[in-house]
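Here's the structure we're looking at; comments come further down.
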Amino acid sequence: MDHLVVVGASLAGIRAVESARKAGHTGPVTLVGAEEHLPYDRPPLSKAYLEEAEPDDVRFRTEEHLRDELAVTLRLGAPATGLDPKGRIVAVGEDELAYDALVVTTGGAARTLPGEPLEGVHTLRTLDDAIAVRAALDAGARTVVIGAGFIGSEVASGARKRGLSATIVEALPVPLVRSVGEDMGHACAALHRANGTDLRCGATVEALEGADGRVTGVRLEGGEVLPADLVVVGIGVNPATGWLEGSGIELHGRDGGVVADATLRAADRVYAAGDVVHFPNALFDGELMRLEHWTTAAEQGALAARNALDPESATELGTVPYFWSDWYGSRIQFVGRPQADEIRVASAPDDPKFLALYRRGDRLIGTITIDRPTQIMKYKRLISKRASWAEALEFAGLG
Amino acid sequence: MGLRIELDPGKCSGLGLCEAEAPELFEVQEDGSLTVLDDHPSADRRAECEAAVASCPTEALRLVED
Ligand SMILES: Cc1cc2nc3c(=O)[nH]c(=O)nc-3n(C[C@H](O)[C@H](O)[C@H](O)COP(=O)(O)OP(=O)(O)OC[C@H]3O[C@@H](n4cnc5c(N)ncnc54)[C@H](O)[C@@H]3O)c2cc1C
Ligand code: SF4
């Protein structure tokens, strides 16, 4: 019976093993993970996990459930180190795991700053990172966040919620321009300012300052030093594909992510899912995209396992990207694609409940909302049924 | 035998993924809470219900037969 091996024991990985069982796969399943932890959920790590209250358990499943209900052999704390797709073998250190179907769900690793490591400087990608950041906040740290992305912004929000000072240093003149566009970047920046976070845009970090191996501040170009006990570096993620180099699996020239087709196939009996994969999205005319979104990772994990086990009837993925981010009690939600021919702000200039629509050609391709939870999914539906721009404007009351 | 949708409001984080799957059954409200529009859906809605339950990131939904 076919042996399914899933490499990467996080969201996409757990969804892969669950969907394999749900699809009726009765053969052996092995889940290989670099971290010691059982698979856990990441979005809470920069949200509820940073609050003062005792955090909830973030693990998806208990070890018993994985072992007894899903009959999964767990190999945790054991990073895969190589792949031979012709011989169908995954190397895990000295061990060789033979597979019949492989799903790659190794996600990404946070980018770090060059230089000597200093205590008090963290990224926020793993549970261990979150434990360290939480401990620093518990100790009342003055927080400096490098990079005004979503995760960094959530950290600043968490620090402010505890009444601690927070500064964000961002190299771009407007935060998030690449992920949501300029007006929306301004709307998001306004949330920081309204909540007492010192947002420094167009600022470049020259160096981290430290004493006795501990960070003491962040020096900006121009000489200003921002005092800090905690520095959180939020400058993006690199796909974790070092173990696939030289294997013959195609890696993307820009970031090294796995390049797959619309069925998430990367090579014969090798499929990939989650933050690690570039795939042509059928719903966006085959635009190649790599998303770092919870819902996509969940959806792709499930599909990749089904397709890997039954390649003859593999189905393609057409999906509307969706992500959310929680700042200062406000919820930012985005559906679709931000790369647009036109972005139309549909809310009144003074309305903090923000709404903007993104147009590509004659089609609605994206929508962002701040604190409009009743509306966002309706726009997601419009995008998935390829609604025209006119239809979208009418729906937004601008028609 | 009918279908029944159970919502655990304590777990629901109001992200609305269920609504995206089954807009006639779920709607997120202005305050971020979720309303189940029809908690006894007809049997022909089973696929929609299952998709909605599976889409929920916090496992706040359950589909039961009674
Ligand atoms: C702090 C934080 C907050 C977030 N908030 C949101 C949010 O609000 N909304 C949203 O939509 N998304 C959010 N995300 C993104 C979301 O969590 C990711 O899209 C999701 O975790 C991707 O899942 P994945 O399984 O593809 O990859 P990952 O979660 O990155 O998991 C990959 C796993 O593979 C393991 N691995 C790596 N290399 C190897 C190897 N060689 N061998 C074995 N195992 C390996 C890693 O250790 C890791 O456990 C957030 C992410 C973070 C970090
Ligand atoms: S998907 Fe789950 S968490 Fe989200 S609104 Fe529906 S029930 Fe609530």
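Here's how to read the names in the structure tokens: chain A, B, ... by the order shown, residue numbers from 1 in each chain, ligand numbers from 1 in the order shown.
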
Which residues of chain A are close to chain B, meaning at most 7 Å apart when you count only C-alpha atoms, and how do they look as a list in words?
Arg372, Pro373, Thr374, Met377 and Arg381 of chain A

Keeping only C-alpha atoms, write those residues as an mmCIF file, in the first residue's frame.
data_model
loop_
_atom_site.group_PDB
_atom_site.id
_atom_site.type_symbol
_atom_site.label_atom_id
_atom_site.label_comp_id
_atom_site.auth_asym_id
_atom_site.auth_seq_id
_atom_site.Cartn_x
_atom_site.Cartn_y
_atom_site.Cartn_z
ATOM 1 C CA ARG A 372 -16.382 45.696 8.110
ATOM 2 C CA PRO A 373 -16.713 42.032 8.990
ATOM 3 C CA THR A 374 -20.180 41.691 7.482
ATOM 4 C CA MET A 377 -16.960 37.605 2.461
ATOM 5 C CA ARG A 381 -17.854 35.760 -3.464
#

Within-7 Å residues of ligand 1, basis only C-alpha atoms and all ligand atoms, as a ChimeraX atom specification
/A:7-13,32-35,39,41-46,78-81,105-109,124-126,151,240-241,243,273-276,292-295,297,322-326

I need the alpha helix (DSSP H) residues of chain B per DSSP on the backbone, written as JSON, numbers by chain.
{"B": [17, 18, 19, 20, 21, 46, 47, 48, 49, 50, 51, 52, 53, 54, 55]}

Excluding same-chain residues fewer than 5 positions from Lys86 in chain A, what lies within 10 Å of it counting only C-alpha atoms, as a ChimeraX atom specification?
/A:247-248,267-269

Just asking: which residues within range 241-313 of chain A are strand (DSSP E or B) according to DSSP, as a compact mmCIF listing (two decimals) with all heavy atoms, in the first residue's frame?
# COMPACT_ATOMS: atom_id res chain seq x y z
N LEU A 251 13.01 25.25 -8.28
CA LEU A 251 12.87 26.27 -7.25
C LEU A 251 12.80 27.65 -7.92
O LEU A 251 13.50 27.90 -8.91
CB LEU A 251 14.04 26.21 -6.26
CG LEU A 251 14.21 24.86 -5.54
CD1 LEU A 251 15.40 24.91 -4.58
CD2 LEU A 251 12.95 24.46 -4.78
N VAL A 258 9.15 26.41 -4.02
CA VAL A 258 8.89 25.30 -4.95
C VAL A 258 7.92 25.77 -6.03
O VAL A 258 6.92 26.41 -5.73
CB VAL A 258 8.26 24.11 -4.19
CG1 VAL A 258 7.82 23.02 -5.17
CG2 VAL A 258 9.23 23.55 -3.16
N VAL A 259 8.25 25.49 -7.28
CA VAL A 259 7.35 25.85 -8.38
C VAL A 259 6.50 24.63 -8.73
O VAL A 259 7.03 23.57 -9.05
CB VAL A 259 8.14 26.32 -9.62
CG1 VAL A 259 7.19 26.67 -10.76
CG2 VAL A 259 9.03 27.50 -9.27
N ARG A 265 1.46 19.98 -8.25
CA ARG A 265 2.47 18.97 -8.55
C ARG A 265 3.79 19.64 -8.88
O ARG A 265 3.86 20.54 -9.73
CB ARG A 265 2.00 18.13 -9.74
CG ARG A 265 2.97 17.06 -10.18
CD ARG A 265 2.40 16.41 -11.45
NE ARG A 265 3.27 15.36 -11.96
CZ ARG A 265 4.33 15.57 -12.72
NH1 ARG A 265 4.68 16.79 -13.06
NH2 ARG A 265 5.04 14.54 -13.14
N ALA A 266 4.87 19.18 -8.22
CA ALA A 266 6.20 19.74 -8.47
C ALA A 266 7.05 18.75 -9.26
O ALA A 266 7.99 19.15 -9.95
CB ALA A 266 6.88 20.08 -7.16
N ALA A 267 6.77 17.47 -9.12
CA ALA A 267 7.47 16.41 -9.86
C ALA A 267 6.60 15.17 -9.73
O ALA A 267 5.59 15.18 -9.01
CB ALA A 267 8.86 16.15 -9.28
N VAL A 270 5.35 14.10 -6.40
CA VAL A 270 5.75 15.11 -5.41
C VAL A 270 4.85 16.34 -5.56
O VAL A 270 4.78 16.94 -6.63
CB VAL A 270 7.23 15.55 -5.60
CG1 VAL A 270 7.61 16.60 -4.54
CG2 VAL A 270 8.17 14.36 -5.53
N TYR A 271 4.15 16.67 -4.50
CA TYR A 271 3.25 17.82 -4.48
C TYR A 271 3.68 18.76 -3.37
O TYR A 271 4.36 18.33 -2.43
CB TYR A 271 1.80 17.35 -4.30
CG TYR A 271 1.28 16.64 -5.55
CD1 TYR A 271 1.75 15.38 -5.89
CD2 TYR A 271 0.38 17.26 -6.40
CE1 TYR A 271 1.34 14.75 -7.06
CE2 TYR A 271 -0.07 16.63 -7.55
CZ TYR A 271 0.42 15.37 -7.88
OH TYR A 271 0.01 14.76 -9.02
N ALA A 272 3.30 20.02 -3.48
CA ALA A 272 3.72 20.99 -2.46
C ALA A 272 2.54 21.87 -2.08
O ALA A 272 1.64 22.10 -2.89
CB ALA A 272 4.88 21.85 -2.98
N VAL A 277 5.00 27.19 -1.60
CA VAL A 277 4.76 26.86 -3.01
C VAL A 277 4.30 28.04 -3.86
O VAL A 277 3.50 28.87 -3.42
CB VAL A 277 3.75 25.69 -3.12
CG1 VAL A 277 2.33 26.09 -2.75
CG2 VAL A 277 3.76 25.10 -4.52
N HIS A 278 4.83 28.12 -5.07
CA HIS A 278 4.31 28.99 -6.12
C HIS A 278 3.38 28.15 -6.98
O HIS A 278 3.79 27.09 -7.45
CB HIS A 278 5.43 29.50 -7.03
CG HIS A 278 6.39 30.43 -6.35
ND1 HIS A 278 6.28 31.79 -6.40
CD2 HIS A 278 7.50 30.17 -5.62
CE1 HIS A 278 7.27 32.35 -5.74
NE2 HIS A 278 8.04 31.39 -5.25
N PHE A 279 2.18 28.61 -7.21
CA PHE A 279 1.26 27.84 -8.05
C PHE A 279 0.48 28.79 -8.95
O PHE A 279 0.24 29.95 -8.59
CB PHE A 279 0.30 27.01 -7.19
CG PHE A 279 -0.76 27.87 -6.53
CD1 PHE A 279 -2.08 27.83 -6.97
CD2 PHE A 279 -0.42 28.72 -5.50
CE1 PHE A 279 -3.05 28.63 -6.38
CE2 PHE A 279 -1.39 29.53 -4.91
CZ PHE A 279 -2.71 29.49 -5.35
N PRO A 280 0.12 28.33 -10.16
CA PRO A 280 -0.69 29.17 -11.04
C PRO A 280 -2.15 29.08 -10.59
O PRO A 280 -2.73 28.00 -10.60
CB PRO A 280 -0.47 28.55 -12.42
CG PRO A 280 -0.05 27.13 -12.16
CD PRO A 280 0.47 27.03 -10.76
N ASN A 281 -2.70 30.21 -10.22
CA ASN A 281 -4.06 30.21 -9.66
C ASN A 281 -5.08 30.28 -10.79
O ASN A 281 -5.17 31.28 -11.51
CB ASN A 281 -4.20 31.40 -8.72
CG ASN A 281 -5.45 31.33 -7.88
OD1 ASN A 281 -6.45 30.72 -8.28
ND2 ASN A 281 -5.41 31.95 -6.71
N GLU A 287 -2.19 33.23 -12.98
CA GLU A 287 -1.12 34.05 -12.37
C GLU A 287 -0.39 33.21 -11.32
O GLU A 287 -1.01 32.61 -10.44
CB GLU A 287 -1.75 35.30 -11.72
CG GLU A 287 -0.74 36.23 -11.08
CD GLU A 287 -1.41 37.35 -10.28
OE1 GLU A 287 -2.62 37.61 -10.46
OE2 GLU A 287 -0.71 37.95 -9.45
N LEU A 288 0.96 33.21 -11.45
CA LEU A 288 1.76 32.43 -10.51
C LEU A 288 1.84 33.18 -9.18
O LEU A 288 2.21 34.35 -9.16
CB LEU A 288 3.16 32.22 -11.08
CG LEU A 288 4.01 31.14 -10.41
CD1 LEU A 288 3.44 29.74 -10.68
CD2 LEU A 288 5.46 31.21 -10.90
N MET A 289 1.47 32.54 -8.09
CA MET A 289 1.52 33.24 -6.81
C MET A 289 1.99 32.33 -5.69
O MET A 289 1.77 31.13 -5.71
CB MET A 289 0.16 33.87 -6.46
CG MET A 289 -1.05 33.00 -6.61
SD MET A 289 -2.59 33.93 -6.25
CE MET A 289 -2.97 34.68 -7.83

Residues within 10 Å of Arg162 in chain A, only C-alpha atoms, excluding chain neighbours under 3 positions, as a list of chain:residue names:
A:Leu50, A:Glu51, A:Glu52, A:Leu137, A:Asp138, A:Gly140, A:Ser157, A:Gly158, A:Ala159, A:Ser165

Dump as a PDB file, in the first residue's frame, selection limited to N, CA and C atoms:
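The resulting file, result22.pdb, is shown below:
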ATOM      1  N   LEU A  50       0.469  37.100  22.809  1.00  0.00           N
ATOM      2  CA  LEU A  50       1.295  38.171  23.374  1.00  0.00           C
ATOM      3  C   LEU A  50       0.574  38.947  24.474  1.00  0.00           C
ATOM      4  N   GLU A  51      -0.693  38.615  24.696  1.00  0.00           N
ATOM      5  CA  GLU A  51      -1.443  39.343  25.727  1.00  0.00           C
ATOM      6  C   GLU A  51      -1.059  38.863  27.119  1.00  0.00           C
ATOM      7  N   GLU A  52      -1.478  39.683  28.119  1.00  0.00           N
ATOM      8  CA  GLU A  52      -1.082  39.375  29.491  1.00  0.00           C
ATOM      9  C   GLU A  52      -1.660  38.056  29.994  1.00  0.00           C
ATOM     10  N   LEU A 137       7.911  40.959  26.857  1.00  0.00           N
ATOM     11  CA  LEU A 137       6.808  41.885  27.130  1.00  0.00           C
ATOM     12  C   LEU A 137       6.395  41.782  28.599  1.00  0.00           C
ATOM     13  N   ASP A 138       6.382  40.565  29.120  1.00  0.00           N
ATOM     14  CA  ASP A 138       6.074  40.373  30.543  1.00  0.00           C
ATOM     15  C   ASP A 138       7.034  41.183  31.412  1.00  0.00           C
ATOM     16  N   GLY A 140       8.222  43.961  30.665  1.00  0.00           N
ATOM     17  CA  GLY A 140       8.023  45.398  30.470  1.00  0.00           C
ATOM     18  C   GLY A 140       8.947  46.023  29.443  1.00  0.00           C
ATOM     19  N   SER A 157       1.058  46.338  18.306  1.00  0.00           N
ATOM     20  CA  SER A 157      -0.269  46.425  18.901  1.00  0.00           C
ATOM     21  C   SER A 157      -0.320  45.693  20.247  1.00  0.00           C
ATOM     22  N   GLY A 158       0.311  44.524  20.296  1.00  0.00           N
ATOM     23  CA  GLY A 158       0.341  43.760  21.547  1.00  0.00           C
ATOM     24  C   GLY A 158       1.093  44.489  22.656  1.00  0.00           C
ATOM     25  N   ALA A 159       2.179  45.157  22.287  1.00  0.00           N
ATOM     26  CA  ALA A 159       2.948  45.909  23.285  1.00  0.00           C
ATOM     27  C   ALA A 159       2.121  47.085  23.809  1.00  0.00           C
ATOM     28  N   SER A 165       5.727  50.983  25.562  1.00  0.00           N
ATOM     29  CA  SER A 165       6.030  51.816  24.399  1.00  0.00           C
ATOM     30  C   SER A 165       6.375  50.930  23.204  1.00  0.00           C
TER      31      SER A 165
END

Interatomic distance between CA of Ala48 in chain A and CA of Ser13 in chain B?
11.5 Å

Need to verify the contact set: Val64 in chain B, 9 Å, only C-alpha atoms, exclusion of same-chain residues closer than 4 positions in sequence. Can you return it as an MDAnalysis selection string?
chainID B and resid 2:6

Output file for the selection above: N, CA and C atoms, as an mmCIF file, in the first residue's frame:
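again-v6.cif, freshly written:
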data_model
loop_
_atom_site.group_PDB
_atom_site.id
_atom_site.type_symbol
_atom_site.label_atom_id
_atom_site.label_comp_id
_atom_site.auth_asym_id
_atom_site.auth_seq_id
_atom_site.Cartn_x
_atom_site.Cartn_y
_atom_site.Cartn_z
ATOM 1 N N GLY B 2 -32.313 14.730 10.593
ATOM 2 C CA GLY B 2 -32.037 16.022 9.952
ATOM 3 C C GLY B 2 -30.657 16.499 10.310
ATOM 4 N N LEU B 3 -30.249 17.557 9.670
ATOM 5 C CA LEU B 3 -28.934 18.133 9.977
ATOM 6 C C LEU B 3 -29.110 19.290 10.950
ATOM 7 N N ARG B 4 -28.118 19.423 11.819
ATOM 8 C CA ARG B 4 -28.143 20.568 12.720
ATOM 9 C C ARG B 4 -26.741 21.136 12.822
ATOM 10 N N ILE B 5 -26.644 22.460 12.801
ATOM 11 C CA ILE B 5 -25.338 23.111 12.926
ATOM 12 C C ILE B 5 -25.191 23.632 14.340
ATOM 13 N N GLU B 6 -24.104 23.247 14.964
ATOM 14 C CA GLU B 6 -23.825 23.751 16.309
ATOM 15 C C GLU B 6 -22.653 24.711 16.248
#

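A straight line drawn from CA of Asp261 in chain A to CA of Ala304 in chain A is 11.0 Å long.
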
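Using only C-alpha atoms and all ligand atoms, the shortest contact distance between ligand 2 and any of B:Asp38, B:Leu7, B:Asp66, B:Glu48 is found at B:Leu7.
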